$ cat my_file25.txt   # compact mmCIF, C-alpha atoms
# COMPACT_ATOMS: atom_id res chain seq x y z
CA GLU A 155 194.50 37.65 27.28
CA THR A 156 192.84 34.31 27.46
CA GLY A 157 189.30 32.99 27.29
CA VAL A 158 186.37 35.25 26.58
CA THR A 159 186.54 38.93 27.47
CA GLN A 160 183.74 41.48 27.53
CA THR A 161 183.84 45.26 27.68
CA PRO A 162 182.64 47.29 29.34
CA ARG A 163 181.91 45.36 32.54
CA HIS A 164 179.35 47.93 33.64
CA LEU A 165 177.28 50.34 31.58
CA VAL A 166 174.64 52.88 32.53
CA MET A 167 172.75 54.46 29.68
CA GLY A 168 169.70 56.57 29.11
CA MET A 169 166.87 55.42 26.93
CA THR A 170 167.92 57.71 24.09
CA ASN A 171 171.59 56.73 24.08
CA LYS A 172 173.42 54.51 21.65
CA LYS A 173 176.10 52.21 23.00
CA SER A 174 177.85 48.97 22.05
CA LEU A 175 178.95 45.93 23.98
CA LYS A 176 182.07 44.11 22.85
CA CYS A 177 183.05 40.48 23.18
CA GLU A 178 186.33 38.89 22.17
CA GLN A 179 187.33 35.25 22.35
CA HIS A 180 190.90 33.95 22.27
CA LEU A 181 190.02 30.26 22.06
CA GLY A 182 189.96 29.70 18.32
CA HIS A 183 186.22 29.03 18.36
CA ASN A 184 183.93 29.69 15.43
CA ALA A 185 180.55 30.07 17.11
CA MET A 186 179.59 33.00 19.31
CA TYR A 187 176.48 33.79 21.32
CA TRP A 188 174.73 36.61 23.14
CA TYR A 189 172.62 35.83 26.20
CA LYS A 190 170.51 38.03 28.46
CA GLN A 191 170.43 37.14 32.14
CA SER A 192 167.74 38.80 34.22
CA ALA A 193 167.05 38.17 37.87
CA LYS A 194 164.73 35.23 38.56
CA LYS A 195 164.62 34.21 34.88
CA PRO A 196 166.47 31.56 32.88
CA LEU A 197 169.24 32.61 30.55
CA GLU A 198 167.71 33.93 27.36
CA LEU A 199 169.53 33.14 24.16
CA MET A 200 169.49 36.23 21.95
CA PHE A 201 171.73 35.61 18.94
CA VAL A 202 173.99 32.90 17.55
CA TYR A 203 176.74 33.29 14.98
CA ASN A 204 178.46 30.37 13.26
CA PHE A 205 181.47 31.21 11.10
CA LYS A 206 180.40 34.90 11.19
CA GLU A 207 176.91 34.10 9.90
CA GLN A 208 173.90 34.72 12.11
CA THR A 209 172.08 31.44 12.54
CA GLU A 210 169.71 32.25 15.38
CA ASN A 211 167.69 35.28 16.41
CA ASN A 212 165.28 34.50 19.19
CA SER A 213 162.71 37.20 18.43
CA VAL A 214 164.93 39.88 19.87
CA PRO A 215 163.64 43.47 19.53
CA SER A 216 165.33 45.51 16.84
CA ARG A 217 166.76 47.91 19.41
CA PHE A 218 169.39 45.20 19.86
CA SER A 219 171.61 44.82 16.79
CA PRO A 220 174.40 42.22 16.71
CA GLU A 221 177.52 42.36 14.60
CA CYS A 222 180.13 39.66 14.06
CA PRO A 223 182.98 40.97 11.89
CA ASN A 224 185.10 37.84 12.38
CA SER A 225 185.06 34.65 14.41
CA SER A 226 186.86 36.28 17.33
CA HIS A 227 184.75 39.39 17.83
CA LEU A 228 181.10 39.95 18.58
CA PHE A 229 179.31 43.21 19.21
CA LEU A 230 175.87 44.10 20.49
CA HIS A 231 174.76 47.55 19.43
CA LEU A 232 172.14 49.13 21.66
CA HIS A 233 169.79 52.00 20.92
CA THR A 234 166.55 53.34 22.34
CA LEU A 235 166.54 50.78 25.13
CA GLN A 236 163.85 50.36 27.77
CA PRO A 237 164.32 50.01 31.53
CA GLU A 238 163.29 46.34 31.28
CA ASP A 239 166.40 45.78 29.16
CA SER A 240 168.52 46.23 32.26
CA ALA A 241 170.27 42.91 32.80
CA LEU A 242 173.56 41.07 32.65
CA TYR A 243 174.54 40.43 29.04
CA LEU A 244 176.73 37.40 28.59
CA CYS A 245 178.80 36.47 25.59
CA ALA A 246 179.87 32.88 24.95
CA SER A 247 181.82 30.96 22.36
CA SER A 248 182.18 27.34 21.30
CA GLN A 249 183.25 25.18 18.41
CA ALA A 250 180.55 25.17 15.76
CA GLY A 251 179.12 21.89 14.57
CA GLY A 252 180.29 19.93 17.57
CA ARG A 253 179.03 19.04 20.98
CA ASP A 254 181.50 21.10 22.89
CA GLU A 255 180.54 23.23 25.83
CA GLN A 256 180.29 26.98 25.74
CA TYR A 257 182.84 29.28 27.29
CA PHE A 258 181.38 32.40 28.84
CA GLY A 259 182.69 35.86 29.39
CA PRO A 260 182.14 37.69 32.71
CA GLY A 261 179.27 39.72 31.29
CA THR A 262 178.33 43.38 30.99
CA ARG A 263 175.98 44.68 33.68
CA LEU A 264 173.66 47.06 31.84
CA THR A 265 171.42 49.57 33.57
CA VAL A 266 168.97 51.59 31.51
CA THR A 267 167.75 54.75 33.20
CA ALA B 33 161.45 21.61 22.14
CA GLN B 34 163.73 20.78 25.01
CA SER B 35 163.31 22.12 28.52
CA VAL B 36 165.07 21.92 31.87
CA THR B 37 163.59 22.08 35.35
CA GLN B 38 165.60 22.84 38.43
CA PRO B 39 162.99 22.48 41.17
CA ASP B 40 165.03 24.08 43.95
CA ILE B 41 165.52 27.84 43.76
CA HIS B 42 167.72 27.88 46.87
CA ILE B 43 169.63 25.16 48.70
CA THR B 44 171.32 25.76 52.04
CA VAL B 45 173.93 23.35 53.37
CA SER B 46 176.54 23.40 56.08
CA GLU B 47 180.19 23.31 55.12
CA GLY B 48 181.36 19.73 54.97
CA ALA B 49 177.90 18.34 54.31
CA SER B 50 176.97 16.49 51.15
CA LEU B 51 175.10 18.18 48.34
CA GLU B 52 172.67 17.13 45.65
CA LEU B 53 171.16 19.58 43.16
CA ARG B 54 168.28 18.30 41.10
CA CYS B 55 167.79 18.65 37.37
CA ASN B 56 165.07 17.19 35.18
CA TYR B 57 165.01 17.58 31.44
CA SER B 58 162.61 17.07 28.60
CA TYR B 59 164.06 16.15 25.23
CA GLY B 60 162.96 13.64 22.62
CA ALA B 61 166.35 12.35 21.56
CA THR B 62 169.55 11.45 23.38
CA PRO B 63 170.32 14.52 25.46
CA TYR B 64 173.57 16.34 25.79
CA LEU B 65 173.61 17.53 29.38
CA PHE B 66 175.69 20.12 31.19
CA TRP B 67 176.14 21.63 34.61
CA TYR B 68 177.55 25.15 34.86
CA VAL B 69 178.44 27.24 37.89
CA GLN B 70 178.29 31.02 38.15
CA SER B 71 180.04 32.87 40.93
CA PRO B 72 178.94 36.44 41.72
CA GLY B 73 180.07 38.88 39.06
CA GLN B 74 181.32 36.12 36.80
CA GLY B 75 180.23 34.28 33.71
CA LEU B 76 179.26 30.63 33.67
CA GLN B 77 181.91 27.93 34.00
CA LEU B 78 181.42 24.33 32.94
CA LEU B 79 181.50 21.82 35.79
CA LEU B 80 180.82 18.68 33.76
CA LYS B 81 179.01 17.33 30.74
CA TYR B 82 177.38 14.13 29.54
CA PHE B 83 177.15 13.05 25.93
CA SER B 84 177.18 9.25 26.07
CA GLY B 85 178.80 6.31 27.79
CA ASP B 86 179.21 6.00 31.52
CA THR B 87 176.21 7.56 33.19
CA LEU B 88 178.25 8.78 36.17
CA VAL B 89 180.26 11.79 35.10
CA GLN B 90 183.11 13.35 37.01
CA GLY B 91 183.73 17.05 36.82
CA ILE B 92 185.92 19.77 38.23
CA LYS B 93 186.04 20.88 41.86
CA GLY B 94 184.99 17.44 43.12
CA PHE B 95 181.54 17.46 41.52
CA GLU B 96 179.86 14.52 39.83
CA ALA B 97 176.53 13.97 38.13
CA GLU B 98 174.51 10.91 37.25
CA PHE B 99 172.39 10.58 34.13
CA LYS B 100 169.23 8.55 34.67
CA ARG B 101 167.32 8.14 31.45
CA SER B 102 164.34 6.47 33.13
CA GLN B 103 163.87 9.48 35.38
CA SER B 104 164.95 12.13 32.84
CA SER B 105 167.30 13.44 35.48
CA PHE B 106 170.88 14.65 35.70
CA ASN B 107 171.47 15.47 39.35
CA LEU B 108 174.68 17.10 40.54
CA ARG B 109 176.40 15.84 43.67
CA LYS B 110 179.34 16.64 45.87
CA PRO B 111 180.27 14.60 48.95
CA SER B 112 181.62 17.50 51.02
CA VAL B 113 180.78 21.12 50.30
CA HIS B 114 183.30 23.94 50.78
CA TRP B 115 182.40 27.55 51.51
CA SER B 116 183.80 28.50 48.10
CA ASP B 117 181.10 26.38 46.43
CA ALA B 118 178.50 29.03 47.22
CA ALA B 119 177.29 30.12 43.79
CA GLU B 120 174.50 29.74 41.26
CA TYR B 121 174.30 26.37 39.50
CA PHE B 122 172.71 25.87 36.11
CA CYS B 123 171.70 22.65 34.41
CA ALA B 124 171.39 22.70 30.63
CA VAL B 125 170.32 20.35 27.85
CA GLY B 126 171.85 20.78 24.41
CA ALA B 127 170.07 20.31 21.11
CA PRO B 128 171.40 20.74 17.57
CA SER B 129 170.57 24.05 15.92
CA GLY B 130 172.17 25.79 12.97
CA GLY B 131 175.43 23.89 13.17
CA SER B 132 175.91 24.05 16.91
CA TYR B 133 174.42 22.46 19.97
CA ILE B 134 172.47 25.22 21.66
CA PRO B 135 171.91 24.62 25.35
CA THR B 136 168.63 25.37 27.03
CA PHE B 137 169.27 26.41 30.60
CA GLY B 138 167.27 25.88 33.73
CA ARG B 139 166.44 28.77 36.06
CA GLY B 140 169.34 27.92 38.31
CA THR B 141 169.75 26.87 41.94
CA SER B 142 171.41 29.20 44.38
CA LEU B 143 173.68 27.35 46.81
CA ILE B 144 174.21 28.90 50.22
CA VAL B 145 176.91 27.41 52.43
CA HIS B 146 176.83 27.93 56.18
CA PRO B 147 180.08 27.71 58.16
$ encode --input "my_file25.txt" --output "structure tokens"
Amino acid sequence: ETGVTQTPRHLVMGMTNKKSLKCEQHLGHNAMYWYKQSAKKPLELMFVYNFKEQTENNSVPSRFSPECPNSSHLFLHLHTLQPEDSALYLCASSQAGGRDEQYFGPGTRLTVT
Amino acid sequence: AQSVTQPDIHITVSEGASLELRCNYSYGATPYLFWYVQSPGQGLQLLLKYFSGDTLVQGIKGFEAEFKRSQSSFNLRKPSVHWSDAAEYFCAVGAPSGGSYIPTFGRGTSLIVHP
């Protein structure tokens, strides 16, 4: 596989469920990102990891818990979500410390019922 | 803090017509500027970027953008639009943060192409 992959592509979960989103990049990058994309709103940066260390958390509720076990994998653990958390969740990667662009995965469409 | 304004929510053009999508940014230092495109059901793909040098930047798929510091603008252009260009277009300005350049995105402009 090439580029940035995300699984699952679609997820429906109840408010009491626990699920995880997975992102994997095959580009040799060392920075990874989670974004939330809701209709009619700009992309919201959620978390940033550089060399497996979290360097940014944009006041994201604790019901979202990121995990970055290595530079190629990024997870977003979800629990006790709210309907307003329904959105497209995008993962991206880039070279850390440089001015390179981000490479995005196709996203996970999350619906919270 | 940096910000990006894309004043047009929707743009409708006929196939073969020229296109210009507007982007204005606010950033105190030299900006790093990007245009991304998002097709339905897909992630964002970089069209072009500006860091320094020539203010007219060429990108993929026949797109170009011009950086105008005096107007704080980075408008995207294409001389002849194809039906496959219908998508959402995002302008972004990058600022250094925690070892990377984190882009701030605009709200996006939806391009509709009529046959």
$ atom_distance --input "my_file25.txt" --atom1 "atom CA of A:Pro220" --atom2 "atom CA of B:Leu79"
28.8 Å
$ interface_residues --input "my_file25.txt" --of "chain A" --to "chain B" --cutoff "6 Å" --atoms "only C-alpha atoms" --output "mmCIF file with C-alpha atoms, in the coordinates of the input"
data_model
loop_
_atom_site.group_PDB
_atom_site.id
_atom_site.type_symbol
_atom_site.label_atom_id
_atom_site.label_comp_id
_atom_site.auth_asym_id
_atom_site.auth_seq_id
_atom_site.Cartn_x
_atom_site.Cartn_y
_atom_site.Cartn_z
ATOM 1 C CA LYS A 195 164.620 34.210 34.880
ATOM 2 C CA PRO A 196 166.470 31.560 32.880
ATOM 3 C CA THR A 209 172.080 31.440 12.540
ATOM 4 C CA ALA A 250 180.550 25.170 15.760
ATOM 5 C CA GLY A 251 179.120 21.890 14.570
ATOM 6 C CA ARG A 253 179.030 19.040 20.980
ATOM 7 C CA PHE A 258 181.380 32.400 28.840
ATOM 8 C CA GLY A 259 182.690 35.860 29.390
ATOM 9 C CA PRO A 260 182.140 37.690 32.710
#
$ atom_distance --input "my_file25.txt" --atom1 "atom CA of B:Gly48" --atom2 "atom CA of B:Asp86"
27.3 Å
$ residues_around --input "my_file25.txt" --residues "A:Phe201" --least-positions-apart "3" --cutoff "9 Å" --atoms "only C-alpha atoms" --output "PDB file with C-alpha atoms, in the coordinates of the input"
ATOM      1  CA  MET A 186     179.590  33.000  19.310  1.00  0.00           C
ATOM      2  CA  TYR A 187     176.480  33.790  21.320  1.00  0.00           C
ATOM      3  CA  TRP A 188     174.730  36.610  23.140  1.00  0.00           C
ATOM      4  CA  TYR A 189     172.620  35.830  26.200  1.00  0.00           C
ATOM      5  CA  GLN A 208     173.900  34.720  12.110  1.00  0.00           C
ATOM      6  CA  THR A 209     172.080  31.440  12.540  1.00  0.00           C
ATOM      7  CA  GLU A 210     169.710  32.250  15.380  1.00  0.00           C
ATOM      8  CA  ASN A 211     167.690  35.280  16.410  1.00  0.00           C
ATOM      9  CA  ASN A 212     165.280  34.500  19.190  1.00  0.00           C
ATOM     10  CA  VAL A 214     164.930  39.880  19.870  1.00  0.00           C
ATOM     11  CA  PRO A 220     174.400  42.220  16.710  1.00  0.00           C
TER      12      PRO A 220
END
$ residues_around --input "my_file25.txt" --residues "A:Gln256" --least-positions-apart "6" --cutoff "6 Å" --atoms "only C-alpha atoms" --output "list in words"
Ala246, Ser247 and Ser248 of chain A
$ residues_near_point --input "my_file25.txt" --point "(174.2, 43.3, 29.7)" --cutoff "6 Å" --atoms "all atoms listed in the file" --output "PyMOL selection string"
chain A and resi 241-243+262-264
$ atom_distance --input "my_file25.txt" --atom1 "atom CA of B:Leu143" --atom2 "atom CA of B:Glu52"
10.3 Å
$ closest_residue --input "my_file25.txt" --among "B:Pro147, B:Pro39, B:Pro111, B:Gly60" --to "B:Ala97" --atoms "only C-alpha atoms"
B:Pro111
$ residues_around --input "my_file25.txt" --residues "stretch 215-217 of chain A" --least-positions-apart "5" --cutoff "7 Å" --atoms "all atoms listed in the file" --output "VMD selection string"
chain A and resid 232 to 235
$ closest_residue --input "my_file25.txt" --among "A:His164, A:Ser174, A:Tyr203, A:Leu244" --to "A:Thr265" --atoms "only C-alpha atoms"
A:His164
$ closest_residue --input "my_file25.txt" --among "B:Ser46, B:Asn56, B:Thr62, B:Gln38" --to "B:Tyr82" --atoms "only C-alpha atoms"
B:Thr62
$ build_atoms --input "my_file25.txt" --residues "stretch 109-138 of chain B" --atoms "N, CA and C atoms" --output "PDB file, keeping the file's coordinate frame"
ATOM      1  N   ARG B 109     176.088  16.209  42.294  1.00  0.00           N
ATOM      2  CA  ARG B 109     176.400  15.840  43.670  1.00  0.00           C
ATOM      3  C   ARG B 109     177.827  16.229  44.032  1.00  0.00           C
ATOM      4  N   LYS B 110     178.008  16.440  45.331  1.00  0.00           N
ATOM      5  CA  LYS B 110     179.340  16.640  45.870  1.00  0.00           C
ATOM      6  C   LYS B 110     179.348  16.085  47.289  1.00  0.00           C
ATOM      7  N   PRO B 111     180.316  15.258  47.635  1.00  0.00           N
ATOM      8  CA  PRO B 111     180.270  14.600  48.950  1.00  0.00           C
ATOM      9  C   PRO B 111     180.525  15.531  50.128  1.00  0.00           C
ATOM     10  N   SER B 112     181.301  16.596  49.915  1.00  0.00           N
ATOM     11  CA  SER B 112     181.620  17.500  51.020  1.00  0.00           C
ATOM     12  C   SER B 112     181.760  18.909  50.465  1.00  0.00           C
ATOM     13  N   VAL B 113     180.848  19.777  50.855  1.00  0.00           N
ATOM     14  CA  VAL B 113     180.780  21.120  50.300  1.00  0.00           C
ATOM     15  C   VAL B 113     181.764  22.052  51.010  1.00  0.00           C
ATOM     16  N   HIS B 114     182.395  22.912  50.255  1.00  0.00           N
ATOM     17  CA  HIS B 114     183.300  23.940  50.780  1.00  0.00           C
ATOM     18  C   HIS B 114     182.626  25.289  50.673  1.00  0.00           C
ATOM     19  N   TRP B 115     183.036  26.226  51.527  1.00  0.00           N
ATOM     20  CA  TRP B 115     182.400  27.550  51.510  1.00  0.00           C
ATOM     21  C   TRP B 115     182.520  28.199  50.128  1.00  0.00           C
ATOM     22  N   SER B 116     183.598  27.886  49.414  1.00  0.00           N
ATOM     23  CA  SER B 116     183.800  28.500  48.100  1.00  0.00           C
ATOM     24  C   SER B 116     182.846  27.951  47.036  1.00  0.00           C
ATOM     25  N   ASP B 117     182.087  26.916  47.371  1.00  0.00           N
ATOM     26  CA  ASP B 117     181.100  26.380  46.430  1.00  0.00           C
ATOM     27  C   ASP B 117     179.832  27.212  46.364  1.00  0.00           C
ATOM     28  N   ALA B 118     179.685  28.171  47.255  1.00  0.00           N
ATOM     29  CA  ALA B 118     178.500  29.030  47.220  1.00  0.00           C
ATOM     30  C   ALA B 118     178.458  29.785  45.899  1.00  0.00           C
ATOM     31  N   ALA B 119     177.393  29.567  45.146  1.00  0.00           N
ATOM     32  CA  ALA B 119     177.290  30.120  43.790  1.00  0.00           C
ATOM     33  C   ALA B 119     175.928  29.746  43.227  1.00  0.00           C
ATOM     34  N   GLU B 120     175.709  30.118  41.979  1.00  0.00           N
ATOM     35  CA  GLU B 120     174.500  29.740  41.260  1.00  0.00           C
ATOM     36  C   GLU B 120     174.872  28.588  40.322  1.00  0.00           C
ATOM     37  N   TYR B 121     174.029  27.560  40.308  1.00  0.00           N
ATOM     38  CA  TYR B 121     174.300  26.370  39.500  1.00  0.00           C
ATOM     39  C   TYR B 121     173.199  26.205  38.453  1.00  0.00           C
ATOM     40  N   PHE B 122     173.636  25.986  37.228  1.00  0.00           N
ATOM     41  CA  PHE B 122     172.710  25.870  36.110  1.00  0.00           C
ATOM     42  C   PHE B 122     172.876  24.521  35.425  1.00  0.00           C
ATOM     43  N   CYS B 123     171.750  23.864  35.219  1.00  0.00           N
ATOM     44  CA  CYS B 123     171.700  22.650  34.410  1.00  0.00           C
ATOM     45  C   CYS B 123     171.246  23.053  33.007  1.00  0.00           C
ATOM     46  N   ALA B 124     171.765  22.372  32.001  1.00  0.00           N
ATOM     47  CA  ALA B 124     171.390  22.700  30.630  1.00  0.00           C
ATOM     48  C   ALA B 124     171.326  21.431  29.791  1.00  0.00           C
ATOM     49  N   VAL B 125     170.417  21.441  28.822  1.00  0.00           N
ATOM     50  CA  VAL B 125     170.320  20.350  27.850  1.00  0.00           C
ATOM     51  C   VAL B 125     170.580  20.930  26.475  1.00  0.00           C
ATOM     52  N   GLY B 126     171.447  20.274  25.703  1.00  0.00           N
ATOM     53  CA  GLY B 126     171.850  20.780  24.410  1.00  0.00           C
ATOM     54  C   GLY B 126     171.125  20.076  23.280  1.00  0.00           C
ATOM     55  N   ALA B 127     170.727  20.864  22.284  1.00  0.00           N
ATOM     56  CA  ALA B 127     170.070  20.310  21.110  1.00  0.00           C
ATOM     57  C   ALA B 127     170.690  20.929  19.870  1.00  0.00           C
ATOM     58  N   PRO B 128     170.773  20.186  18.780  1.00  0.00           N
ATOM     59  CA  PRO B 128     171.400  20.740  17.570  1.00  0.00           C
ATOM     60  C   PRO B 128     170.562  21.850  16.962  1.00  0.00           C
ATOM     61  N   SER B 129     171.247  22.926  16.549  1.00  0.00           N
ATOM     62  CA  SER B 129     170.570  24.050  15.920  1.00  0.00           C
ATOM     63  C   SER B 129     171.575  24.846  15.118  1.00  0.00           C
ATOM     64  N   GLY B 130     171.333  24.939  13.810  1.00  0.00           N
ATOM     65  CA  GLY B 130     172.170  25.790  12.970  1.00  0.00           C
ATOM     66  C   GLY B 130     173.649  25.487  13.024  1.00  0.00           C
ATOM     67  N   GLY B 131     174.017  24.250  13.194  1.00  0.00           N
ATOM     68  CA  GLY B 131     175.430  23.890  13.170  1.00  0.00           C
ATOM     69  C   GLY B 131     176.083  23.834  14.531  1.00  0.00           C
ATOM     70  N   SER B 132     175.363  24.166  15.566  1.00  0.00           N
ATOM     71  CA  SER B 132     175.910  24.050  16.910  1.00  0.00           C
ATOM     72  C   SER B 132     174.890  23.353  17.799  1.00  0.00           C
ATOM     73  N   TYR B 133     175.346  23.007  18.979  1.00  0.00           N
ATOM     74  CA  TYR B 133     174.420  22.460  19.970  1.00  0.00           C
ATOM     75  C   TYR B 133     174.086  23.565  20.945  1.00  0.00           C
ATOM     76  N   ILE B 134     172.887  24.081  20.852  1.00  0.00           N
ATOM     77  CA  ILE B 134     172.470  25.220  21.660  1.00  0.00           C
ATOM     78  C   ILE B 134     171.879  24.709  22.960  1.00  0.00           C
ATOM     79  N   PRO B 135     172.466  25.084  24.087  1.00  0.00           N
ATOM     80  CA  PRO B 135     171.910  24.620  25.350  1.00  0.00           C
ATOM     81  C   PRO B 135     170.696  25.428  25.771  1.00  0.00           C
ATOM     82  N   THR B 136     169.745  24.736  26.339  1.00  0.00           N
ATOM     83  CA  THR B 136     168.630  25.370  27.030  1.00  0.00           C
ATOM     84  C   THR B 136     168.904  25.252  28.511  1.00  0.00           C
ATOM     85  N   PHE B 137     168.884  26.383  29.197  1.00  0.00           N
ATOM     86  CA  PHE B 137     169.270  26.410  30.600  1.00  0.00           C
ATOM     87  C   PHE B 137     168.049  26.358  31.508  1.00  0.00           C
ATOM     88  N   GLY B 138     168.252  25.765  32.677  1.00  0.00           N
ATOM     89  CA  GLY B 138     167.270  25.880  33.730  1.00  0.00           C
ATOM     90  C   GLY B 138     167.370  27.229  34.412  1.00  0.00           C
TER      91      GLY B 138
END
